[in-house]
file work_34.txt (compact mmCIF, C-alpha atoms (C1' of nucleotides))
# COMPACT_ATOMS: atom_id res chain seq x y z
CA MET A 433 -24.17 25.39 11.66
CA ASN A 434 -21.33 26.39 13.90
CA ALA A 435 -17.86 24.97 13.56
CA GLU A 436 -18.22 22.85 16.67
CA ARG A 437 -21.29 20.94 15.51
CA LYS A 438 -19.75 20.57 12.09
CA GLU A 439 -16.64 19.06 13.58
CA ALA A 440 -18.76 16.70 15.66
CA LYS A 441 -20.56 15.40 12.59
CA ARG A 442 -17.28 14.93 10.79
CA GLU A 443 -16.07 12.89 13.74
CA ARG A 444 -19.23 10.81 13.68
CA ILE A 445 -18.67 10.00 10.04
CA LEU A 446 -15.06 9.05 10.71
CA ASP A 447 -16.08 6.86 13.64
CA ALA A 448 -18.64 5.11 11.48
CA ALA A 449 -16.07 4.63 8.75
CA VAL A 450 -13.61 3.05 11.18
CA VAL A 451 -16.17 0.45 12.23
CA GLU A 452 -17.33 -0.33 8.71
CA ILE A 453 -13.91 -0.47 7.11
CA ALA A 454 -12.50 -2.59 9.93
CA GLY A 455 -15.39 -4.99 9.43
CA ARG A 456 -15.38 -5.43 5.68
CA GLY A 457 -12.22 -3.85 4.36
CA TYR A 458 -11.96 -0.61 2.43
CA TYR A 459 -13.01 -1.84 -0.97
CA ARG A 460 -15.92 -3.85 0.29
CA THR A 461 -17.25 -0.93 2.28
CA THR A 462 -19.55 1.36 0.33
CA VAL A 463 -20.05 5.02 0.97
CA SER A 464 -23.65 4.11 1.74
CA ASP A 465 -22.52 1.75 4.49
CA ILE A 466 -20.61 4.54 6.15
CA ALA A 467 -23.40 7.08 5.68
CA GLY A 468 -25.91 4.60 7.05
CA ARG A 469 -23.97 3.94 10.22
CA ALA A 470 -23.25 7.62 10.71
CA GLY A 471 -26.94 8.39 10.31
CA VAL A 472 -26.59 10.75 7.38
CA ALA A 473 -27.51 10.62 3.72
CA ASP A 474 -25.00 9.43 1.15
CA GLY A 475 -24.66 12.88 -0.30
CA THR A 476 -23.81 14.39 3.05
CA ILE A 477 -20.52 12.53 3.08
CA TYR A 478 -19.40 14.74 0.22
CA LEU A 479 -20.00 17.87 2.23
CA TYR A 480 -17.38 16.69 4.68
CA PHE A 481 -14.93 14.75 2.54
CA LYS A 482 -13.64 15.06 -0.98
CA GLY A 483 -14.43 11.42 -1.70
CA LYS A 484 -14.18 7.93 -0.35
CA GLU A 485 -10.43 7.87 -0.30
CA ASP A 486 -10.29 11.10 1.63
CA ILE A 487 -12.15 9.36 4.44
CA LEU A 488 -9.40 6.78 4.75
CA VAL A 489 -6.70 9.40 4.70
CA SER A 490 -8.56 11.32 7.39
CA ILE A 491 -8.78 8.28 9.64
CA PHE A 492 -5.05 7.89 9.35
CA GLU A 493 -4.39 11.55 9.97
CA ARG A 494 -6.58 11.75 13.02
CA ALA A 495 -5.10 8.65 14.64
CA MET A 496 -1.54 9.57 13.79
CA GLN A 497 -2.01 12.99 15.26
CA ARG A 498 -3.04 11.58 18.62
CA PHE A 499 -0.29 9.01 18.44
CA ALA A 500 2.47 11.44 17.59
CA ASP A 501 1.40 13.96 20.20
CA GLU A 502 1.64 11.43 22.98
CA ALA A 503 4.89 9.90 21.78
CA ARG A 504 6.59 13.23 21.43
CA TRP A 505 5.46 14.16 24.90
CA ILE A 506 6.93 10.97 26.31
CA VAL A 507 10.25 11.59 24.61
CA GLU A 508 10.46 15.18 25.77
CA GLU A 509 9.44 14.35 29.28
CA GLY A 510 11.69 11.32 29.56
CA ALA A 511 14.95 13.00 28.63
CA GLY A 512 17.75 11.49 30.67
CA ASP A 513 16.25 8.03 31.04
CA PRO A 514 16.27 6.34 27.62
CA GLU A 515 15.41 2.91 28.94
CA GLN A 516 12.31 4.14 30.67
CA THR A 517 11.38 6.23 27.63
CA LEU A 518 11.63 3.26 25.34
CA ARG A 519 9.52 1.19 27.70
CA ARG A 520 6.88 3.88 27.71
CA ILE A 521 6.83 4.15 23.92
CA VAL A 522 6.42 0.40 23.64
CA ALA A 523 3.58 0.58 26.15
CA LEU A 524 1.99 3.50 24.32
CA HIS A 525 2.10 1.78 20.97
CA LEU A 526 0.47 -1.37 22.27
CA THR A 527 -2.01 0.45 24.48
CA LEU A 528 -3.33 2.82 21.86
CA LEU A 529 -3.87 0.02 19.37
CA GLY A 530 -5.14 -2.33 22.05
CA GLU A 531 -7.80 0.10 23.13
CA ASP A 532 -9.60 0.19 19.82
CA ARG A 533 -9.63 -3.04 17.92
CA ASP A 534 -11.30 -1.55 14.87
CA LEU A 535 -8.69 1.11 14.57
CA ALA A 536 -6.00 -1.52 15.05
CA VAL A 537 -7.44 -3.57 12.23
CA ILE A 538 -7.34 -0.60 9.94
CA PHE A 539 -3.77 0.21 10.91
CA GLN A 540 -2.45 -3.32 10.66
CA VAL A 541 -4.38 -4.46 7.63
CA GLU A 542 -6.05 -1.73 5.62
CA PHE A 543 -3.31 0.84 5.58
CA ARG A 544 -0.82 -1.75 4.44
CA HIS A 545 -2.91 -2.28 1.47
CA THR A 546 -3.74 1.24 0.65
CA LEU A 547 -0.14 2.29 1.07
CA HIS A 548 -0.22 1.67 -2.64
CA VAL A 549 -2.27 4.77 -2.91
CA LEU A 550 -0.97 6.70 0.04
CA GLU A 551 2.57 5.46 -0.34
CA LEU A 552 4.86 8.40 0.13
CA PHE A 553 2.40 10.26 2.23
CA SER A 554 1.83 7.78 4.97
CA ARG A 555 5.25 6.20 4.95
CA SER A 556 6.72 9.57 5.73
CA ARG A 557 4.62 9.69 8.89
CA ILE A 558 5.96 6.30 9.85
CA ARG A 559 9.47 7.46 9.12
CA ASP A 560 8.96 10.27 11.59
CA TYR A 561 7.92 7.74 14.15
CA LEU A 562 10.93 5.55 13.43
CA ALA A 563 13.18 8.58 13.71
CA LEU A 564 11.68 9.29 17.10
CA ILE A 565 12.52 5.80 18.32
CA ALA A 566 15.97 6.01 16.78
CA GLN A 567 16.49 9.22 18.67
CA VAL A 568 15.78 7.47 21.95
CA VAL A 569 18.18 4.70 21.02
CA GLU A 570 20.85 7.28 20.23
CA ASP A 571 20.33 8.84 23.62
CA GLY A 572 20.59 5.38 25.12
CA LYS A 573 23.89 4.79 23.37
CA ALA A 574 25.22 8.07 24.67
CA ALA A 575 24.05 7.20 28.15
CA GLY A 576 25.62 3.78 27.95
CA VAL A 577 22.32 1.91 28.17
CA PHE A 578 22.69 0.37 24.71
CA ARG A 579 25.73 -1.05 23.03
CA PRO A 580 27.53 1.69 21.12
CA ASP A 581 28.05 -0.41 18.01
CA VAL A 582 24.42 -0.75 16.96
CA ASP A 583 22.85 1.36 14.23
CA ALA A 584 20.08 3.33 15.89
CA LEU A 585 17.76 3.42 12.89
CA PHE A 586 18.20 -0.29 12.36
CA VAL A 587 17.28 -0.93 15.98
CA ALA A 588 14.29 1.38 15.61
CA LYS A 589 13.06 -0.71 12.69
CA VAL A 590 13.53 -3.85 14.71
CA VAL A 591 11.55 -2.38 17.58
CA PHE A 592 8.82 -1.24 15.24
CA GLY A 593 8.76 -4.60 13.51
CA ILE A 594 8.26 -6.43 16.77
CA LEU A 595 5.51 -4.08 17.91
CA ASP A 596 3.88 -4.33 14.55
CA GLU A 597 3.90 -8.09 14.50
CA MET A 598 2.53 -8.21 18.04
CA ALA A 599 -0.27 -5.94 16.94
CA THR A 600 -1.00 -7.89 13.78
CA ASP A 601 -1.00 -11.13 15.68
CA TRP A 602 -3.39 -9.66 18.21
CA VAL A 603 -5.67 -8.28 15.55
CA LEU A 604 -5.90 -11.55 13.69
CA SER A 605 -6.27 -13.81 16.68
CA ARG A 606 -9.66 -14.10 18.27
CA LYS A 607 -8.19 -14.16 21.75
CA ASN A 608 -9.11 -11.51 24.22
CA ILE A 609 -5.69 -11.04 25.72
CA ARG A 610 -5.01 -7.39 26.37
CA LEU A 611 -2.47 -6.29 23.86
CA ALA A 612 -0.77 -4.01 26.37
CA SER A 613 -0.02 -7.01 28.58
CA ARG A 614 2.68 -7.95 26.11
CA SER A 615 4.36 -4.67 26.72
CA ASP A 616 6.77 -5.76 29.44
CA SER A 617 7.80 -8.94 27.67
CA VAL A 618 8.74 -6.95 24.61
CA SER A 619 10.64 -4.36 26.59
CA ASP A 620 12.49 -6.96 28.63
CA LEU A 621 13.51 -8.78 25.52
CA LEU A 622 14.77 -5.61 23.94
CA LEU A 623 16.74 -4.29 26.85
CA MET B 1039 -3.87 -30.01 -24.90
CA ASN B 1040 -1.68 -32.07 -22.69
CA ALA B 1041 -1.42 -31.51 -18.96
CA GLU B 1042 2.03 -30.04 -19.26
CA ARG B 1043 1.06 -27.25 -21.65
CA LYS B 1044 -2.00 -26.59 -19.60
CA GLU B 1045 0.07 -26.18 -16.47
CA ALA B 1046 2.43 -23.86 -18.32
CA LYS B 1047 -0.41 -21.57 -19.32
CA ARG B 1048 -1.73 -21.56 -15.79
CA GLU B 1049 1.71 -20.50 -14.62
CA ARG B 1050 1.83 -17.76 -17.22
CA ILE B 1051 -1.45 -16.38 -15.96
CA LEU B 1052 -0.22 -16.48 -12.38
CA ASP B 1053 3.02 -14.75 -13.33
CA ALA B 1054 1.10 -12.04 -15.11
CA ALA B 1055 -1.19 -11.64 -12.13
CA VAL B 1056 1.76 -11.22 -9.77
CA VAL B 1057 3.13 -8.36 -11.85
CA GLU B 1058 -0.21 -6.62 -12.28
CA ILE B 1059 -1.39 -6.98 -8.72
CA ALA B 1060 1.97 -5.89 -7.33
CA GLY B 1061 1.76 -2.83 -9.54
CA ARG B 1062 -1.76 -1.63 -8.87
CA GLY B 1063 -3.10 -3.61 -5.96
CA TYR B 1064 -5.69 -6.36 -6.11
CA TYR B 1065 -8.80 -4.26 -6.36
CA ARG B 1066 -7.39 -1.88 -8.91
CA THR B 1067 -6.29 -4.74 -11.12
CA THR B 1068 -8.93 -5.96 -13.55
CA VAL B 1069 -9.21 -9.45 -14.89
CA SER B 1070 -8.61 -7.89 -18.29
CA ASP B 1071 -5.30 -6.48 -17.11
CA ILE B 1072 -4.15 -9.92 -16.11
CA ALA B 1073 -5.45 -11.56 -19.26
CA GLY B 1074 -3.81 -8.89 -21.37
CA ARG B 1075 -0.40 -9.37 -19.81
CA ALA B 1076 -0.69 -13.14 -19.98
CA GLY B 1077 -1.62 -12.89 -23.65
CA VAL B 1078 -4.96 -14.64 -23.37
CA ALA B 1079 -8.57 -13.53 -23.69
CA ASP B 1080 -10.54 -12.51 -20.64
CA GLY B 1081 -12.70 -15.57 -20.81
CA THR B 1082 -9.73 -17.88 -20.80
CA ILE B 1083 -8.94 -16.90 -17.25
CA TYR B 1084 -12.10 -18.69 -16.19
CA LEU B 1085 -10.96 -21.93 -17.75
CA TYR B 1086 -8.04 -21.94 -15.34
CA PHE B 1087 -9.41 -20.24 -12.24
CA LYS B 1088 -12.77 -20.11 -10.55
CA GLY B 1089 -12.68 -16.34 -10.43
CA LYS B 1090 -10.56 -13.35 -9.64
CA GLU B 1091 -10.13 -14.23 -6.01
CA ASP B 1092 -9.00 -17.72 -6.86
CA ILE B 1093 -6.07 -16.20 -8.69
CA LEU B 1094 -4.90 -14.46 -5.55
CA VAL B 1095 -5.31 -17.59 -3.49
CA SER B 1096 -3.32 -19.52 -6.07
CA ILE B 1097 -0.46 -17.03 -5.98
CA PHE B 1098 -0.29 -17.49 -2.24
CA GLU B 1099 -0.49 -21.26 -2.47
CA ARG B 1100 2.21 -21.55 -5.07
CA ALA B 1101 4.64 -19.30 -3.23
CA MET B 1102 3.92 -20.82 0.14
CA GLN B 1103 4.53 -24.25 -1.23
CA ARG B 1104 8.00 -23.36 -2.41
CA PHE B 1105 8.69 -21.54 0.81
CA ALA B 1106 7.55 -24.32 3.10
CA ASP B 1107 9.39 -27.01 1.18
CA GLU B 1108 12.69 -25.23 1.52
CA ALA B 1109 12.21 -24.30 5.15
CA ARG B 1110 11.25 -27.79 6.18
CA TRP B 1111 14.25 -29.12 4.37
CA ILE B 1112 16.54 -26.72 6.23
CA VAL B 1113 15.08 -27.74 9.57
CA GLU B 1114 15.37 -31.42 8.86
CA GLU B 1115 18.86 -31.12 7.52
CA GLY B 1116 20.07 -28.83 10.28
CA ALA B 1117 19.10 -30.99 13.23
CA GLY B 1118 21.71 -30.62 15.93
CA ASP B 1119 22.75 -27.07 15.13
CA PRO B 1120 19.84 -24.80 16.01
CA GLU B 1121 21.82 -21.60 15.69
CA GLN B 1122 22.88 -22.37 12.16
CA THR B 1123 19.38 -23.52 11.30
CA LEU B 1124 17.87 -20.27 12.50
CA ARG B 1125 20.44 -18.30 10.54
CA ARG B 1126 19.54 -20.23 7.43
CA ILE B 1127 15.83 -19.71 7.90
CA VAL B 1128 16.39 -15.99 8.31
CA ALA B 1129 18.47 -16.01 5.16
CA LEU B 1130 15.88 -18.05 3.28
CA HIS B 1131 13.06 -15.75 4.24
CA LEU B 1132 14.89 -12.63 3.13
CA THR B 1133 16.36 -14.24 0.02
CA LEU B 1134 13.14 -15.63 -1.37
CA LEU B 1135 11.33 -12.34 -0.94
CA GLY B 1136 14.35 -10.37 -2.07
CA GLU B 1137 14.56 -12.27 -5.31
CA ASP B 1138 11.16 -11.24 -6.59
CA ARG B 1139 10.07 -7.79 -5.64
CA ASP B 1140 6.61 -8.16 -7.12
CA LEU B 1141 5.95 -11.26 -5.11
CA ALA B 1142 7.31 -9.50 -2.03
CA VAL B 1143 4.92 -6.63 -2.58
CA ILE B 1144 2.01 -9.01 -2.75
CA PHE B 1145 3.10 -10.81 0.38
CA GLN B 1146 3.81 -7.73 2.43
CA VAL B 1147 0.97 -5.58 1.23
CA GLU B 1148 -1.78 -7.36 -0.64
CA PHE B 1149 -2.15 -10.43 1.48
CA ARG B 1150 -2.40 -8.34 4.61
CA HIS B 1151 -5.41 -6.76 3.15
CA THR B 1152 -7.07 -9.76 1.74
CA LEU B 1153 -6.53 -11.68 4.94
CA HIS B 1154 -9.96 -10.29 5.58
CA VAL B 1155 -11.20 -12.69 3.00
CA LEU B 1156 -8.68 -15.46 3.37
CA GLU B 1157 -8.39 -15.02 7.09
CA LEU B 1158 -8.35 -18.45 8.63
CA PHE B 1159 -6.99 -20.06 5.57
CA SER B 1160 -3.83 -18.10 5.10
CA ARG B 1161 -3.18 -17.38 8.73
CA SER B 1162 -3.03 -21.08 9.37
CA ARG B 1163 -0.23 -21.35 6.84
CA ILE B 1164 1.63 -18.66 8.69
CA ARG B 1165 0.99 -20.43 11.96
CA ASP B 1166 2.68 -23.49 10.54
CA TYR B 1167 5.65 -21.37 9.66
CA LEU B 1168 5.74 -19.84 13.13
CA ALA B 1169 5.54 -23.30 14.63
CA LEU B 1170 8.51 -24.32 12.54
CA ILE B 1171 10.59 -21.45 13.87
CA ALA B 1172 9.40 -22.15 17.40
CA GLN B 1173 10.53 -25.73 16.95
CA VAL B 1174 14.03 -24.56 16.14
CA VAL B 1175 14.02 -22.29 19.17
CA GLU B 1176 12.92 -25.21 21.34
CA ASP B 1177 15.79 -27.28 20.00
CA GLY B 1178 18.06 -24.37 20.73
CA LYS B 1179 16.85 -24.20 24.31
CA ALA B 1180 17.48 -27.93 24.72
CA ALA B 1181 20.92 -27.54 23.23
CA GLY B 1182 21.70 -24.61 25.50
CA VAL B 1183 21.99 -22.10 22.66
CA PHE B 1184 19.06 -20.02 23.85
CA ARG B 1185 18.08 -19.05 27.35
CA PRO B 1186 15.75 -21.68 28.80
CA ASP B 1187 13.32 -19.16 30.24
CA VAL B 1188 12.01 -17.76 26.95
CA ASP B 1189 8.73 -18.82 25.40
CA ALA B 1190 9.59 -20.40 22.06
CA LEU B 1191 6.43 -19.30 20.26
CA PHE B 1192 6.84 -15.80 21.54
CA VAL B 1193 10.38 -15.69 20.21
CA ALA B 1194 9.19 -17.12 16.93
CA LYS B 1195 6.74 -14.24 16.60
CA VAL B 1196 9.48 -11.78 17.41
CA VAL B 1197 11.70 -13.31 14.74
CA PHE B 1198 8.88 -13.26 12.24
CA GLY B 1199 8.01 -9.68 13.14
CA ILE B 1200 11.53 -8.51 12.53
CA LEU B 1201 11.81 -10.33 9.21
CA ASP B 1202 8.44 -9.03 8.19
CA GLU B 1203 9.26 -5.45 8.99
CA MET B 1204 12.58 -5.74 7.15
CA ALA B 1205 10.72 -7.03 4.14
CA THR B 1206 8.03 -4.36 4.31
CA ASP B 1207 10.62 -1.68 4.69
CA TRP B 1208 12.50 -3.03 1.71
CA VAL B 1209 9.38 -3.25 -0.39
CA LEU B 1210 8.31 0.28 0.35
CA SER B 1211 11.70 1.91 0.02
CA ARG B 1212 12.98 2.64 -3.45
CA LYS B 1213 16.47 1.65 -2.50
CA ASN B 1214 18.16 -1.13 -4.31
CA ILE B 1215 19.84 -2.70 -1.34
CA ARG B 1216 19.70 -6.45 -1.56
CA LEU B 1217 17.27 -7.60 1.05
CA ALA B 1218 19.33 -10.67 1.85
CA SER B 1219 22.25 -8.46 2.87
CA ARG B 1220 20.35 -7.68 6.04
CA SER B 1221 20.34 -11.33 6.90
CA ASP B 1222 23.47 -11.42 9.04
CA SER B 1223 22.60 -8.26 10.95
CA VAL B 1224 19.29 -9.77 11.90
CA SER B 1225 20.81 -13.08 12.90
CA ASP B 1226 23.54 -11.46 14.93
CA LEU B 1227 21.08 -9.33 16.76
CA LEU B 1228 18.95 -12.33 17.54
CA LEU B 1229 21.65 -14.63 18.74
C1' DG C 1330 -41.39 36.10 11.42
C1' DA C 1331 -40.00 36.36 6.67
C1' DA C 1332 -36.19 36.09 3.59
C1' DA C 1333 -31.75 34.34 2.61
C1' DA C 1334 -28.26 31.16 3.33
C1' DA C 1335 -26.49 26.91 4.66
C1' DA C 1336 -27.07 21.90 5.26
C1' DC C 1337 -28.99 18.00 3.96
C1' DT C 1338 -31.30 14.46 1.20
C1' DG C 1339 -31.65 10.38 -1.78
C1' DA C 1340 -32.90 9.13 -6.37
C1' DA C 1341 -30.65 9.32 -10.81
C1' DT C 1342 -26.43 9.10 -13.42
C1' DG C 1343 -22.52 7.27 -15.43
C1' DA C 1344 -18.60 4.55 -15.28
C1' DC C 1345 -16.62 0.42 -14.41
C1' DT C 1346 -15.76 -4.57 -14.46
C1' DA C 1347 -16.42 -9.67 -13.11
C1' DT C 1348 -18.45 -13.21 -15.33
C1' DT C 1349 -20.96 -15.69 -19.02
C1' DC C 1350 -21.76 -17.90 -23.29
C1' DA C 1351 -22.55 -18.29 -28.31
C1' DT C 1352 -19.20 -18.66 -31.63
C1' DT C 1353 -14.66 -19.70 -33.65
C1' DA C 1354 -10.12 -21.85 -33.93
C1' DG C 1355 -7.01 -25.57 -33.12
C1' DC C 1356 -5.71 -30.24 -32.90
C1' DG C 1357 -5.53 -35.13 -32.79
C1' DT C 1358 -7.57 -39.20 -34.92
C1' DA C 1359 -9.27 -42.35 -38.34
C1' DT D 1200 -9.35 -34.69 -45.51
C1' DA D 1201 -13.31 -34.73 -42.58
C1' DC D 1202 -14.93 -35.32 -37.88
C1' DG D 1203 -15.30 -34.59 -33.17
C1' DC D 1204 -13.64 -32.67 -29.17
C1' DT D 1205 -11.25 -29.40 -26.44
C1' DA D 1206 -9.58 -24.81 -25.83
C1' DA D 1207 -9.94 -20.09 -26.62
C1' DT D 1208 -12.26 -15.90 -27.72
C1' DG D 1209 -14.32 -11.35 -26.75
C1' DA D 1210 -18.67 -8.98 -27.09
C1' DA D 1211 -22.73 -8.78 -24.29
C1' DT D 1212 -24.68 -9.02 -19.70
C1' DA D 1213 -25.74 -7.82 -15.27
C1' DG D 1214 -24.62 -5.79 -11.20
C1' DT D 1215 -22.26 -2.62 -8.33
C1' DC D 1216 -21.26 1.78 -6.43
C1' DA D 1217 -19.00 6.53 -6.22
C1' DT D 1218 -20.57 10.81 -7.15
C1' DT D 1219 -23.82 14.51 -8.45
C1' DC D 1220 -27.52 17.72 -8.09
C1' DA D 1221 -32.38 19.41 -8.10
C1' DG D 1222 -35.27 19.78 -4.57
C1' DT D 1223 -36.24 20.04 0.60
C1' DT D 1224 -35.41 21.15 5.34
C1' DT D 1225 -33.05 23.64 8.87
C1' DT D 1226 -30.64 27.51 10.58
C1' DT D 1227 -29.29 32.20 10.59
C1' DT D 1228 -29.98 36.95 9.75
C1' DC D 1229 -32.29 41.22 9.86
call {"tool": "encode", "arguments": {"input": "work_34.txt", "output": "structure tokens"}}
result
Amino acid sequence: MNAERKEAKRERILDAAVVEIAGRGYYRTTVSDIAGRAGVADGTIYLYFKGKEDILVSIFERAMQRFADEARWIVEEGAGDPEQTLRRIVALHLTLLGEDRDLAVIFQVEFRHTLHVLELFSRSRIRDYLALIAQVVEDGKAAGVFRPDVDALFVAKVVFGILDEMATDWVLSRKNIRLASRSDSVSDLLL
Amino acid sequence: MNAERKEAKRERILDAAVVEIAGRGYYRTTVSDIAGRAGVADGTIYLYFKGKEDILVSIFERAMQRFADEARWIVEEGAGDPEQTLRRIVALHLTLLGEDRDLAVIFQVEFRHTLHVLELFSRSRIRDYLALIAQVVEDGKAAGVFRPDVDALFVAKVVFGILDEMATDWVLSRKNIRLASRSDSVSDLLL
DNA sequence: GAAAAAACTGAATGACTATTCATTAGCGTA
DNA sequence: TACGCTAATGAATAGTCATTCAGTTTTTTC
């Protein structure tokens, strides 16, 4: 089986896992549930992942990869206009989560929980993200867009906290508002 | 056994559960773990709680009760000075969580997860809390402390999001900063 | 197209743990 | 002190589920 097909099956298993775990939570989801939805036998899972926990880690990794790539691109591209950059990061954050409710559920609810297990690992990824936002704030201070007396990392945490609460609120409410529609309100409030 | 002693034992079990669950997470904590720490036999747990899940619900209920009582008192007492009231709610939120790290862990991490199970139930408690904050913001708008064009509930969510992220950050960092020390920074930023 | 290798299968295994319940201990009362 | 009642115990139960692996199917190689 060539690498391409193998990768495709791995993706299928991850996609199935996202749906199942979002629906029932990590601990209530069995490996059989995931295998069933992915259309493979239970044992096959173990040809692609070390174990159940590795599936969760892989979901995080895959999503974070996409997330980080886009964010970094925005920051690089937007050099010179910190306000616009921050607006675009806010929009990105809410759009990416708003596009896939299942993934959003896992991010807002499941990972929180399993941080117990993943702790250092996943928090460090989030720290990178926070540092990225802080960087933009620093640039903004230099450019005179933000007050010079604020602590950039503190502001980054505030920004992240707001985005995170918006996302959690969206995930837990039944409403069908588009999450990204909150984007401008958040940005306006911040700036 | 009189009602008083009975209540005391129930409390002891809850206290033990808070420590254990904060340490290993809900699903990794066995009923035996909790019983062991509380100094009772496994079976005794079931004389005080319907089952494992009921313990978690009870932790939430007990904490939320204390929380809500104090917050409502602040709001009632602080009528006429919305800014001060908001500052005190911010301080209360961070102080109560900052005083008991184990409880904070459960609130910031475990409940998120188990919201899957408790969903409507616990979210409604949080909605009450949000409504309380929104109320203060409304008063503030009337009193001219806040801009009249903001949506009070939206602001309440923002406030909650910031507090929540501060708490999560505190819980997950090893640092021994006192959580409540962030209180003024948050208030200043908000006001 | 046959042999070898790689993927896949799913029933069996083994470990774990929430809950139950027959038994014991404790305590107030007469 | 003996009786009855409540509380507590912890070993046994019953069920769940991650993981393994002997056997089967599919793919690749020559």
call {"tool": "closest_atom_pairs", "arguments": {"input": "work_34.txt", "of": "chain D", "to": "chain A", "cutoff": "8 Å", "atoms": "all atoms listed in the file", "output": "tab-separated table"}}
result
residue	atom	partner	partner_atom	distance
D:DC1216	C1'	A:Thr462	CA	7.0
D:DA1217	C1'	A:Val463	CA	7.4
D:DT1226	C1'	A:Met433	CA	6.9
call {"tool": "interface_residues", "arguments": {"input": "work_34.txt", "of": "chain C", "to": "chain A", "cutoff": "9 Å", "atoms": "all atoms listed in the file", "output": "MDAnalysis selection string"}}
result
chainID C and resid 1335:1339
call {"tool": "write_last_selection", "arguments": {"input": "work_34.txt", "atoms": "C-alpha atoms (C1' of nucleotides)", "output": "PDB file, in the coordinates of the input"}}
result
ATOM      1  C1'  DA C1335     -26.490  26.910   4.660  1.00  0.00           C
ATOM      2  C1'  DA C1336     -27.070  21.900   5.260  1.00  0.00           C
ATOM      3  C1'  DC C1337     -28.990  18.000   3.960  1.00  0.00           C
ATOM      4  C1'  DT C1338     -31.300  14.460   1.200  1.00  0.00           C
ATOM      5  C1'  DG C1339     -31.650  10.380  -1.780  1.00  0.00           C
TER       6       DG C1339
END
call {"tool": "closest_residue", "arguments": {"input": "work_34.txt", "among": "A:Leu564, A:Ala500, A:Ala575, A:Val541", "to": "chain B", "atoms": "all atoms listed in the file"}}
result
A:Val541
call {"tool": "interface_residues", "arguments": {"input": "work_34.txt", "of": "chain A", "to": "chain B", "cutoff": "8 Å", "atoms": "all atoms listed in the file", "output": "ChimeraX atom specification"}}
result
/A:456-457,459,540-542,544-545,547-548,551,589-598,604
call {"tool": "atom_distance", "arguments": {"input": "work_34.txt", "atom1": "CA of Glu508 in chain A", "atom2": "CA of Val489 in chain A"}}
result
27.8 Å
call {"tool": "atom_distance", "arguments": {"input": "work_34.txt", "atom1": "C1' of DT1349 in chain C", "atom2": "CA of Phe1087 in chain B"}}
result
14.1 Å
call {"tool": "atom_distance", "arguments": {"input": "work_34.txt", "atom1": "CA of Asp571 in chain A", "atom2": "CA of Glu502 in chain A"}}
result
18.9 Å
call {"tool": "residues_around", "arguments": {"input": "work_34.txt", "residues": "Leu518 in chain A", "least_positions_apart": "6", "cutoff": "9 Å", "atoms": "all atoms listed in the file", "output": "list in words"}}
result
Val507, Ile565, Val568, Val569 and Ser619 of chain A
call {"tool": "write_last_selection", "arguments": {"input": "work_34.txt", "atoms": "C-alpha atoms", "output": "CSV table (one decimal), in the coordinates of the input"}}
result
chain,number,residue,atom,x,y,z
A,507,VAL,CA,10.2,11.6,24.6
A,565,ILE,CA,12.5,5.8,18.3
A,568,VAL,CA,15.8,7.5,22.0
A,569,VAL,CA,18.2,4.7,21.0
A,619,SER,CA,10.6,-4.4,26.6
